[in-house]
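What follows is the content of coords20.cif (mmCIF, C-alpha atoms (C1' of nucleotides)).
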```cif
data_target
#
loop_
_atom_site.label_atom_id
_atom_site.label_comp_id
_atom_site.auth_asym_id
_atom_site.auth_seq_id
_atom_site.Cartn_x
_atom_site.Cartn_y
_atom_site.Cartn_z
CA MET A 18 29.83 -6.28 7.07
CA LEU A 19 29.89 -8.09 10.38
CA ASN A 20 30.48 -11.70 11.30
CA ASN A 21 27.98 -13.92 13.03
CA SER A 22 29.12 -13.27 16.57
CA GLN A 23 28.77 -9.59 15.94
CA TYR A 24 25.19 -10.07 14.72
CA ILE A 25 24.52 -12.14 17.80
CA GLU A 26 25.78 -9.31 19.95
CA LYS A 27 23.80 -6.77 17.98
CA LEU A 28 20.59 -8.75 18.32
CA ARG A 29 21.08 -9.51 21.97
CA SER A 30 21.88 -5.92 22.83
CA SER A 31 18.60 -4.80 21.33
CA GLY A 32 16.57 -7.38 23.15
CA LEU A 33 16.10 -9.80 20.27
CA ARG A 34 17.08 -13.40 20.82
CA PRO A 35 19.76 -14.36 18.34
CA THR A 36 18.00 -17.26 16.69
CA LYS A 37 19.52 -18.88 13.66
CA GLN A 38 16.80 -17.44 11.44
CA ARG A 39 17.52 -13.91 12.58
CA ILE A 40 21.26 -14.35 12.18
CA LYS A 41 20.76 -15.66 8.66
CA ILE A 42 18.54 -12.71 7.79
CA CYS A 43 21.17 -10.36 9.22
CA GLU A 44 23.74 -11.92 6.92
CA VAL A 45 21.52 -11.58 3.88
CA LEU A 46 20.64 -7.99 4.68
CA PHE A 47 23.85 -6.60 6.08
CA ASN A 48 26.74 -8.64 4.70
CA THR A 49 26.87 -6.52 1.58
CA GLU A 50 29.15 -3.90 0.14
CA LYS A 51 26.24 -1.67 -0.77
CA THR A 52 22.91 -1.04 0.89
CA PHE A 53 19.83 -1.99 -1.09
CA HIS A 54 16.06 -1.83 -1.31
CA PHE A 55 13.85 -4.88 -1.11
CA THR A 56 10.36 -6.23 -0.72
CA ILE A 57 9.54 -9.20 1.48
CA ASN A 58 9.34 -11.26 -1.65
CA ASP A 59 12.82 -10.18 -2.74
CA LEU A 60 14.16 -11.05 0.66
CA VAL A 61 12.64 -14.51 0.63
CA LYS A 62 14.36 -15.13 -2.72
CA ARG A 63 17.71 -13.88 -1.43
CA ILE A 64 17.42 -16.12 1.61
CA GLY A 65 16.57 -19.05 -0.62
CA LYS A 66 19.72 -18.47 -2.65
CA SER A 67 22.01 -18.26 0.34
CA THR A 68 20.83 -21.23 2.37
CA ASN A 69 19.04 -24.55 2.12
CA ASP A 70 17.32 -24.24 5.49
CA LYS A 71 14.18 -22.40 4.52
CA ILE A 72 12.79 -19.73 6.77
CA SER A 73 9.04 -19.51 7.14
CA LEU A 74 7.37 -16.55 5.45
CA ALA A 75 5.83 -15.51 8.75
CA THR A 76 9.29 -15.37 10.29
CA VAL A 77 10.56 -13.18 7.50
CA TYR A 78 7.71 -10.76 8.09
CA ASN A 79 8.23 -10.85 11.85
CA THR A 80 11.95 -10.29 11.55
CA VAL A 81 11.70 -7.44 9.07
CA HIS A 82 9.23 -5.68 11.35
CA ALA A 83 11.39 -6.29 14.38
CA PHE A 84 14.45 -4.92 12.55
CA LYS A 85 12.47 -1.93 11.36
CA ASN A 86 11.33 -1.19 14.90
CA LYS A 87 14.90 -1.43 16.15
CA GLY A 88 16.01 0.94 13.42
CA TYR A 89 18.05 -1.57 11.43
CA LEU A 90 15.81 -1.05 8.43
CA LYS A 91 13.72 1.77 7.09
CA GLU A 92 10.44 1.47 5.28
CA ILE A 93 10.23 3.60 2.16
CA PRO A 94 6.99 5.51 1.77
CA ILE A 95 5.75 4.74 -1.68
CA ASN A 96 2.46 3.62 -3.10
CA SER A 97 2.79 0.11 -4.18
CA ASP A 98 1.02 -3.16 -3.73
CA GLN A 99 3.90 -4.22 -1.52
CA SER A 100 6.11 -2.59 1.10
CA TYR A 101 9.63 -1.50 0.27
CA PHE A 102 12.42 -1.56 2.81
CA ASP A 103 15.88 -0.07 2.77
CA THR A 104 19.01 -1.38 4.45
CA ASN A 105 20.38 2.15 4.27
CA THR A 106 19.12 3.74 7.48
CA SER A 107 21.10 6.93 7.10
CA HIS A 108 19.23 10.06 6.19
CA HIS A 109 18.67 10.13 2.46
CA HIS A 110 15.95 10.36 -0.15
CA HIS A 111 14.67 8.50 -3.19
CA PHE A 112 13.92 8.72 -6.83
CA TYR A 113 11.09 6.52 -7.94
CA ASP A 114 11.19 5.68 -11.59
CA GLU A 115 7.54 5.24 -12.47
CA THR A 116 8.32 3.73 -15.83
CA GLN A 117 10.57 1.00 -14.54
CA LYS A 118 9.08 0.80 -11.05
CA ASP A 119 12.56 1.26 -9.69
CA LEU A 120 13.80 2.96 -6.54
CA ILE A 121 17.11 4.81 -6.55
CA ASP A 122 18.85 6.46 -3.61
CA ILE A 123 19.47 10.17 -3.58
CA ASP A 124 22.47 10.98 -1.47
CA ASP A 125 21.58 13.35 1.32
CA ALA A 126 24.25 15.73 0.05
CA ASP A 127 22.37 16.03 -3.23
CA VAL A 128 19.27 17.46 -1.61
CA GLU A 129 19.30 20.92 -0.11
CA PRO A 130 18.09 20.69 3.50
CA VAL A 131 14.32 20.76 3.47
CA LYS A 132 13.01 23.58 5.60
CA ILE A 133 9.52 23.21 7.01
CA ASN A 134 8.25 26.56 8.22
CA THR A 135 5.27 25.29 10.11
CA ARG A 136 4.74 22.95 13.01
CA ILE A 137 1.97 20.98 14.64
CA PRO A 138 1.53 21.92 18.30
CA GLY A 139 2.46 19.06 20.62
CA LYS A 140 4.20 17.12 17.88
CA LYS A 141 7.85 16.81 16.99
CA ILE A 142 9.34 15.94 13.64
CA LYS A 143 10.63 12.41 13.40
CA SER A 144 11.74 12.40 9.79
CA VAL A 145 11.55 14.35 6.57
CA GLU A 146 11.48 12.22 3.47
CA VAL A 147 11.57 13.37 -0.11
CA LEU A 148 10.27 11.20 -2.92
CA VAL A 149 11.13 12.39 -6.42
CA LYS A 150 9.04 10.69 -9.05
CA VAL A 151 10.62 10.52 -12.48
CA VAL A 152 9.43 9.33 -15.86
CA ASP A 153 11.09 8.88 -19.24
CA ASP A 154 12.32 12.13 -20.74
CA LYS A 155 10.19 12.02 -23.88
CA SER A 156 6.92 11.02 -22.20
CA MET B 18 -17.91 23.80 -5.68
CA LEU B 19 -19.60 23.15 -8.96
CA ASN B 20 -23.10 22.13 -9.88
CA ASN B 21 -24.02 18.97 -11.69
CA SER B 22 -23.98 20.40 -15.18
CA GLN B 23 -20.50 21.69 -14.55
CA TYR B 24 -19.38 18.23 -13.46
CA ILE B 25 -20.97 16.81 -16.57
CA GLU B 26 -18.99 19.25 -18.66
CA LYS B 27 -15.82 18.51 -16.75
CA LEU B 28 -16.20 14.77 -17.21
CA ARG B 29 -17.13 15.02 -20.84
CA SER B 30 -14.27 17.33 -21.67
CA SER B 31 -11.81 14.81 -20.27
CA GLY B 32 -13.28 11.93 -22.19
CA LEU B 33 -15.21 10.36 -19.33
CA ARG B 34 -18.87 9.68 -19.83
CA PRO B 35 -20.88 11.57 -17.26
CA THR B 36 -22.69 8.67 -15.68
CA LYS B 37 -24.82 9.25 -12.61
CA GLN B 38 -22.30 7.35 -10.49
CA ARG B 39 -19.44 9.58 -11.60
CA ILE B 40 -21.47 12.71 -11.07
CA LYS B 41 -22.39 11.58 -7.58
CA ILE B 42 -18.75 10.85 -6.78
CA CYS B 43 -17.80 14.28 -8.11
CA GLU B 44 -20.30 15.83 -5.74
CA VAL B 45 -19.00 13.88 -2.78
CA LEU B 46 -15.38 14.68 -3.60
CA PHE B 47 -15.56 18.22 -4.88
CA ASN B 48 -18.64 19.89 -3.40
CA THR B 49 -16.72 20.88 -0.32
CA GLU B 50 -15.33 24.04 1.16
CA LYS B 51 -12.04 22.36 1.97
CA THR B 52 -10.06 19.67 0.25
CA PHE B 53 -9.55 16.42 2.12
CA HIS B 54 -7.77 13.09 2.24
CA PHE B 55 -9.55 9.79 1.97
CA THR B 56 -9.25 6.06 1.47
CA ILE B 57 -11.58 4.09 -0.77
CA ASN B 58 -13.32 2.93 2.36
CA ASP B 59 -13.85 6.50 3.57
CA LEU B 60 -15.26 7.43 0.20
CA VAL B 61 -17.71 4.53 0.18
CA LYS B 62 -18.99 5.72 3.56
CA ARG B 63 -19.35 9.31 2.39
CA ILE B 64 -21.28 8.16 -0.66
CA GLY B 65 -23.51 6.05 1.54
CA LYS B 66 -24.34 9.07 3.66
CA SER B 67 -25.19 11.31 0.76
CA THR B 68 -27.37 9.01 -1.32
CA ASN B 69 -29.56 5.96 -1.14
CA ASP B 70 -28.58 4.65 -4.56
CA LYS B 71 -25.57 2.58 -3.70
CA ILE B 72 -22.57 2.57 -5.98
CA SER B 73 -20.72 -0.68 -6.47
CA LEU B 74 -17.32 -0.95 -4.82
CA ALA B 75 -15.75 -1.77 -8.19
CA THR B 76 -17.13 1.44 -9.63
CA VAL B 77 -15.70 3.44 -6.75
CA TYR B 78 -12.27 1.96 -7.43
CA ASN B 79 -12.60 2.50 -11.17
CA THR B 80 -13.73 6.07 -10.75
CA VAL B 81 -11.04 7.02 -8.28
CA HIS B 82 -8.41 5.65 -10.62
CA ALA B 83 -9.91 7.41 -13.59
CA PHE B 84 -10.01 10.69 -11.66
CA LYS B 85 -6.45 10.18 -10.52
CA ASN B 86 -5.31 9.58 -14.10
CA LYS B 87 -7.10 12.72 -15.24
CA GLY B 88 -5.42 14.69 -12.47
CA TYR B 89 -8.55 15.36 -10.41
CA LEU B 90 -7.07 13.47 -7.49
CA LYS B 91 -3.60 12.76 -6.21
CA GLU B 92 -2.43 9.64 -4.48
CA ILE B 93 -0.40 10.31 -1.37
CA PRO B 94 2.74 8.22 -1.00
CA ILE B 95 2.60 6.74 2.45
CA ASN B 96 3.06 3.30 3.90
CA SER B 97 -0.27 2.03 4.88
CA ASP B 98 -2.40 -0.99 4.38
CA GLN B 99 -4.60 1.12 2.15
CA SER B 100 -4.14 3.87 -0.43
CA TYR B 101 -4.71 7.48 0.48
CA PHE B 102 -5.99 10.04 -1.98
CA ASP B 103 -6.15 13.80 -1.85
CA THR B 104 -8.71 16.09 -3.44
CA ASN B 105 -6.11 18.83 -3.22
CA THR B 106 -4.19 18.49 -6.46
CA SER B 107 -2.14 21.63 -6.04
CA HIS B 108 1.50 21.27 -5.20
CA HIS B 109 1.85 20.72 -1.48
CA HIS B 110 3.25 18.32 1.07
CA HIS B 111 2.15 16.34 4.10
CA PHE B 112 2.67 15.75 7.74
CA TYR B 113 1.91 12.23 8.81
CA ASP B 114 1.10 11.93 12.47
CA GLU B 115 2.30 8.46 13.32
CA THR B 116 0.60 8.48 16.69
CA GLN B 117 -2.84 9.31 15.40
CA LYS B 118 -2.37 7.89 11.88
CA ASP B 119 -3.48 11.23 10.56
CA LEU B 120 -2.48 13.11 7.42
CA ILE B 121 -2.23 16.90 7.47
CA ASP B 122 -1.51 19.22 4.55
CA ILE B 123 1.57 21.39 4.53
CA ASP B 124 0.99 24.44 2.43
CA ASP B 125 3.52 24.70 -0.36
CA ALA B 126 4.49 28.13 0.95
CA ASP B 127 5.58 26.54 4.22
CA VAL B 128 8.21 24.39 2.56
CA GLU B 129 11.31 25.92 1.07
CA PRO B 130 11.63 24.74 -2.54
CA VAL B 131 13.33 21.37 -2.54
CA LYS B 132 16.45 21.44 -4.66
CA ILE B 133 17.66 18.15 -6.07
CA ASN B 134 21.24 18.46 -7.26
CA THR B 135 21.40 15.22 -9.16
CA ARG B 136 19.53 13.73 -12.09
CA ILE B 137 18.96 10.40 -13.73
CA PRO B 138 20.00 10.43 -17.38
CA GLY B 139 17.05 10.06 -19.72
CA LYS B 140 14.52 10.76 -16.98
CA LYS B 141 12.65 13.89 -16.08
CA ILE B 142 11.22 14.84 -12.72
CA LYS B 143 7.48 14.46 -12.50
CA SER B 144 6.97 15.43 -8.88
CA VAL B 145 8.80 16.13 -5.65
CA GLU B 146 6.89 15.12 -2.57
CA VAL B 147 7.87 15.70 1.02
CA LEU B 148 6.49 13.56 3.81
CA VAL B 149 7.19 14.83 7.31
CA LYS B 150 6.57 12.19 9.94
CA VAL B 151 5.71 13.53 13.37
CA VAL B 152 5.15 11.93 16.75
CA ASP B 153 4.00 13.20 20.12
CA ASP B 154 6.38 15.72 21.64
CA LYS B 155 7.18 13.74 24.76
CA SER B 156 7.70 10.38 23.08
"C1'" DT C 15 -37.45 8.23 -31.76
"C1'" DT C 16 -35.24 3.86 -32.47
"C1'" DT C 17 -31.18 1.41 -33.06
"C1'" DC C 18 -26.51 0.53 -32.37
"C1'" DT C 19 -22.28 0.19 -30.03
"C1'" DA C 20 -18.64 1.24 -27.15
"C1'" DC C 21 -18.11 2.38 -22.68
"C1'" DA C 22 -19.75 1.69 -17.65
"C1'" DT C 23 -21.59 -0.62 -13.86
"C1'" DT C 24 -22.37 -4.50 -11.14
"C1'" DA C 25 -21.93 -8.59 -8.05
"C1'" DT C 26 -18.99 -11.79 -7.27
"C1'" DA C 27 -14.91 -14.40 -7.78
"C1'" DA C 28 -10.07 -14.21 -7.73
"C1'" DC C 29 -5.84 -12.60 -6.10
"C1'" DA C 30 -1.84 -11.09 -3.48
"C1'" DA C 31 0.20 -9.11 0.51
"C1'" DT C 32 0.02 -9.46 5.13
"C1'" DT C 33 -1.49 -11.01 9.73
"C1'" DC C 34 -3.29 -14.47 12.82
"C1'" DT C 35 -3.36 -18.95 15.16
"C1'" DA C 36 -2.07 -22.54 17.88
"C1'" DA C 37 1.18 -26.10 18.23
"C1'" DA C 38 6.02 -27.27 18.31
"C1'" DC C 39 10.58 -25.61 19.22
"C1'" DT C 40 14.61 -23.18 21.37
"C1'" DG C 41 17.49 -19.66 23.99
"C1'" DT C 42 18.21 -18.29 28.40
"C1'" DT C 43 18.06 -18.31 33.31
"C1'" DG C 44 18.27 -20.53 37.66
"C1'" DC D 8 18.86 -30.22 33.74
"C1'" DA D 9 14.13 -28.02 34.21
"C1'" DA D 10 11.16 -24.42 33.29
"C1'" DC D 11 9.53 -20.70 30.82
"C1'" DA D 12 9.13 -16.98 27.85
"C1'" DG D 13 10.13 -15.84 23.41
"C1'" DT D 14 10.32 -17.71 18.56
"C1'" DT D 15 9.27 -20.35 14.56
"C1'" DT D 16 6.19 -22.70 11.73
"C1'" DA D 17 2.50 -24.15 8.30
"C1'" DG D 18 -1.48 -23.06 7.11
"C1'" DA D 19 -5.76 -20.58 7.65
"C1'" DA D 20 -7.82 -16.17 7.73
"C1'" DT D 21 -8.17 -11.45 6.59
"C1'" DT D 22 -7.97 -7.43 3.83
"C1'" DG D 23 -7.36 -4.22 0.05
"C1'" DT D 24 -7.58 -4.39 -4.68
"C1'" DT D 25 -8.28 -6.21 -9.41
"C1'" DA D 26 -10.44 -9.28 -12.86
"C1'" DT D 27 -14.54 -11.31 -14.95
"C1'" DA D 28 -18.53 -11.63 -17.52
"C1'" DA D 29 -23.19 -10.35 -17.76
"C1'" DT D 30 -26.21 -6.40 -17.82
"C1'" DG D 31 -27.08 -1.56 -18.41
"C1'" DT D 32 -26.61 3.07 -20.50
"C1'" DA D 33 -24.88 7.46 -22.88
"C1'" DG D 34 -24.28 9.30 -27.17
"C1'" DA D 35 -24.25 9.08 -32.10
"C1'" DA D 36 -26.33 7.83 -36.28
"C1'" DA D 37 -30.17 6.53 -38.98
#
```

Would you put the structure from the file into structure tokens?
Amino acid sequence: MLNNSQYIEKLRSSGLRPTKQRIKICEVLFNTEKTFHFTINDLVKRIGKSTNDKISLATVYNTVHAFKNKGYLKEIPINSDQSYFDTNTSHHHHFYDETQKDLIDIDDADVEPVKINTRIPGKKIKSVEVLVKVVDDKS
Amino acid sequence: MLNNSQYIEKLRSSGLRPTKQRIKICEVLFNTEKTFHFTINDLVKRIGKSTNDKISLATVYNTVHAFKNKGYLKEIPINSDQSYFDTNTSHHHHFYDETQKDLIDIDDADVEPVKINTRIPGKKIKSVEVLVKVVDDKS
DNA sequence: TTTCTACATTATAACAATTCTAAACTGTTG
DNA sequence: CAACAGTTTAGAATTGTTATAATGTAGAAA
């Protein structure tokens, strides 16, 4: 929940020029009460609803990748025909409802810390992500 | 490590006709000491190396999906431009080396059981998968 | 064995998500 | 302002995957 000049500052400080497209995408992604999950397609629709100046699809892709690289977004590892992103960059996990094709956050507090008792020499752990697949009770 | 007549039996018992293409793919996937990860593209190459009778790409896709549905293969949830499959269908997890784009098994014994302290009403848990992303130590 | 039929395979077309391209545009710096 | 590097853009190209429709085949029945 920031205003435009704060987005401009945020972008500039991370080496991204604060263009009007990027500021608009910041608004759409971060001017919300709650964090959310989205695909590129979802995002294009949200942008369409909130402005008349359309943003090119290529720009949406570029911006999402730039934001992901800067850590403003996380990509959710899931097998799908399209990529899912998350505006919640805090450490947390996901349910994936295979029946409804729906992603739901799992609060970090609701998952006991995952302990990995093995390592790969020369590598350090960057993240540990848990995906809990669920289906309808009866099925 | 089965022979052809055992694959035939396996296929038949799960309601899949034991065609020569499916038997060949069984050999390529399951006649190995160790389990492994693969993409469709990898599999096509492996098939090419082990036979001169080429199998149509569509058949490879169909067969992999059929085997996945029957539980002979697992799909690994990871963000990639292509789908990864695993001939190891036992419960286990993965490291993903982001530097080398390489998947490595984590033995189930090396991960403390993941406890999820929340549920979705009307849904039951089908699987709990842990993806540990690693990068080079120094980076 | 021959016939029948539902299931499989095939090559190719279609499709959808994503990336590339090259020209036009725009923030920023001097 | 001028200059330039970074950005946006529309559309083409690419890539992984799925659909199509004709041909082939395993298995059952006659």

key: Target residues per the PyMOL selection byres ((chain C) within 12 of (chain B)), formatted as a PyMOL selection string   = chain C and resi 20-26+31-33

I need the residue set behind the PyMOL selection byres ((chain C and resi 16) around 9) for this file; please write it as a JSON list (two decimals) with C-alpha atoms (C1' of nucleotides), in the coordinates of the input.
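Heads up, here's the output in selection_15.json:
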```json
[["chain", "number", "residue", "atom", "x", "y", "z"],
["C", 15, "DT", "C1'", -37.45, 8.23, -31.76],
["C", 17, "DT", "C1'", -31.18, 1.41, -33.06],
["D", 37, "DA", "C1'", -30.17, 6.53, -38.98]]
```

Applied to the shown file, which residues does the PyMOL selection byres ((chain D) within 8 of (chain A)) return, written as an mmCIF file with C-alpha atoms (C1' of nucleotides), in the coordinates of the input?
```cif
data_model
loop_
_atom_site.group_PDB
_atom_site.id
_atom_site.type_symbol
_atom_site.label_atom_id
_atom_site.label_comp_id
_atom_site.auth_asym_id
_atom_site.auth_seq_id
_atom_site.Cartn_x
_atom_site.Cartn_y
_atom_site.Cartn_z
ATOM 1 C "C1'" DG D 13 10.130 -15.840 23.410
ATOM 2 C "C1'" DT D 14 10.320 -17.710 18.560
ATOM 3 C "C1'" DT D 15 9.270 -20.350 14.560
ATOM 4 C "C1'" DT D 16 6.190 -22.700 11.730
#
```

ask   = Could you write out as a list in words the residues of chain B within 7 Å of chain A, counting only C-alpha atoms?
value = Pro94, Ile95, Asn96, Asp127, Val128, Glu129, Val131, Lys132, Ile133, Asn134, Thr135, Gly139, Lys140, Lys141, Ile142, Lys143, Ser144, Val145, Glu146, Val147, Leu148, Val149, Lys150, Val151, Val152, Asp153 and Asp154 of chain B

Put those residues in a file: C-alpha atoms, as a PDB file, in the frame of the given file.
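Output file selection.pdb is given in full below:
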```pdb
ATOM      1  CA  PRO B  94       2.740   8.220  -1.000  1.00  0.00           C
ATOM      2  CA  ILE B  95       2.600   6.740   2.450  1.00  0.00           C
ATOM      3  CA  ASN B  96       3.060   3.300   3.900  1.00  0.00           C
ATOM      4  CA  ASP B 127       5.580  26.540   4.220  1.00  0.00           C
ATOM      5  CA  VAL B 128       8.210  24.390   2.560  1.00  0.00           C
ATOM      6  CA  GLU B 129      11.310  25.920   1.070  1.00  0.00           C
ATOM      7  CA  VAL B 131      13.330  21.370  -2.540  1.00  0.00           C
ATOM      8  CA  LYS B 132      16.450  21.440  -4.660  1.00  0.00           C
ATOM      9  CA  ILE B 133      17.660  18.150  -6.070  1.00  0.00           C
ATOM     10  CA  ASN B 134      21.240  18.460  -7.260  1.00  0.00           C
ATOM     11  CA  THR B 135      21.400  15.220  -9.160  1.00  0.00           C
ATOM     12  CA  GLY B 139      17.050  10.060 -19.720  1.00  0.00           C
ATOM     13  CA  LYS B 140      14.520  10.760 -16.980  1.00  0.00           C
ATOM     14  CA  LYS B 141      12.650  13.890 -16.080  1.00  0.00           C
ATOM     15  CA  ILE B 142      11.220  14.840 -12.720  1.00  0.00           C
ATOM     16  CA  LYS B 143       7.480  14.460 -12.500  1.00  0.00           C
ATOM     17  CA  SER B 144       6.970  15.430  -8.880  1.00  0.00           C
ATOM     18  CA  VAL B 145       8.800  16.130  -5.650  1.00  0.00           C
ATOM     19  CA  GLU B 146       6.890  15.120  -2.570  1.00  0.00           C
ATOM     20  CA  VAL B 147       7.870  15.700   1.020  1.00  0.00           C
ATOM     21  CA  LEU B 148       6.490  13.560   3.810  1.00  0.00           C
ATOM     22  CA  VAL B 149       7.190  14.830   7.310  1.00  0.00           C
ATOM     23  CA  LYS B 150       6.570  12.190   9.940  1.00  0.00           C
ATOM     24  CA  VAL B 151       5.710  13.530  13.370  1.00  0.00           C
ATOM     25  CA  VAL B 152       5.150  11.930  16.750  1.00  0.00           C
ATOM     26  CA  ASP B 153       4.000  13.200  20.120  1.00  0.00           C
ATOM     27  CA  ASP B 154       6.380  15.720  21.640  1.00  0.00           C
TER      28      ASP B 154
END
```

Near region 19-25 of chain B, counting all atoms listed in the file, which residues have an atom at most 7 Å away, once you skip same-chain residues fewer than 6 positions from it, shown as a compact mmCIF listing (two decimals) with C-alpha atoms, keeping the file's coordinate frame?
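Dumped to out13.txt:
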```
# COMPACT_ATOMS: atom_id res chain seq x y z
CA PRO B 35 -20.88 11.57 -17.26
CA ILE B 40 -21.47 12.71 -11.07
CA CYS B 43 -17.80 14.28 -8.11
CA ASN B 48 -18.64 19.89 -3.40
```

task = Provide the CA of Ile64 (chain A) to C1' of DC29 (chain C) distance in Å, to one decimal place.
result =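 Value for the CA of Ile64 (chain A)-C1' of DC29 (chain C) distance: 24.8 Å.
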
task = Please measure the separation of CA of His108 (chain B) and CA of Asn86 (chain B), giving the value in Å to one decimal.
result = 16.2 Å

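Separating C1' of DG41 (chain C) from CA of Arg29 (chain A) is a distance of 11.0 Å.
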
At the level of C-alpha atoms (C1' of nucleotides), write region 15-41 of chain C to a file as a PDB file, in the first residue's frame, please.
```pdb
ATOM      1  C1'  DT C  15      -7.885 -68.576 -38.472  1.00  0.00           C
ATOM      2  C1'  DT C  16     -10.744 -64.784 -39.850  1.00  0.00           C
ATOM      3  C1'  DT C  17     -13.403 -61.026 -38.575  1.00  0.00           C
ATOM      4  C1'  DC C  18     -14.579 -57.290 -35.793  1.00  0.00           C
ATOM      5  C1'  DT C  19     -13.971 -53.393 -32.983  1.00  0.00           C
ATOM      6  C1'  DA C  20     -12.216 -50.481 -29.648  1.00  0.00           C
ATOM      7  C1'  DC C  21      -8.040 -48.773 -28.539  1.00  0.00           C
ATOM      8  C1'  DA C  22      -3.331 -46.967 -30.271  1.00  0.00           C
ATOM      9  C1'  DT C  23      -0.218 -44.827 -33.245  1.00  0.00           C
ATOM     10  C1'  DT C  24       1.052 -41.544 -36.506  1.00  0.00           C
ATOM     11  C1'  DA C  25       2.207 -37.213 -39.034  1.00  0.00           C
ATOM     12  C1'  DT C  26       0.836 -33.015 -39.100  1.00  0.00           C
ATOM     13  C1'  DA C  27      -1.814 -29.110 -37.920  1.00  0.00           C
ATOM     14  C1'  DA C  28      -3.238 -26.253 -34.272  1.00  0.00           C
ATOM     15  C1'  DC C  29      -2.566 -23.932 -30.111  1.00  0.00           C
ATOM     16  C1'  DA C  30      -0.987 -21.216 -26.197  1.00  0.00           C
ATOM     17  C1'  DA C  31       2.579 -19.349 -23.410  1.00  0.00           C
ATOM     18  C1'  DT C  32       6.587 -17.060 -23.838  1.00  0.00           C
ATOM     19  C1'  DT C  33      10.570 -14.821 -26.059  1.00  0.00           C
ATOM     20  C1'  DC C  34      12.648 -12.253 -29.791  1.00  0.00           C
ATOM     21  C1'  DT C  35      13.163  -8.337 -32.943  1.00  0.00           C
ATOM     22  C1'  DA C  36      13.880  -3.977 -34.503  1.00  0.00           C
ATOM     23  C1'  DA C  37      11.917   0.434 -34.588  1.00  0.00           C
ATOM     24  C1'  DA C  38      10.050   4.165 -31.867  1.00  0.00           C
ATOM     25  C1'  DC C  39       9.993   6.319 -27.429  1.00  0.00           C
ATOM     26  C1'  DT C  40      11.470   8.235 -22.856  1.00  0.00           C
ATOM     27  C1'  DG C  41      14.113   8.993 -18.379  1.00  0.00           C
TER      28       DG C  41
END
```
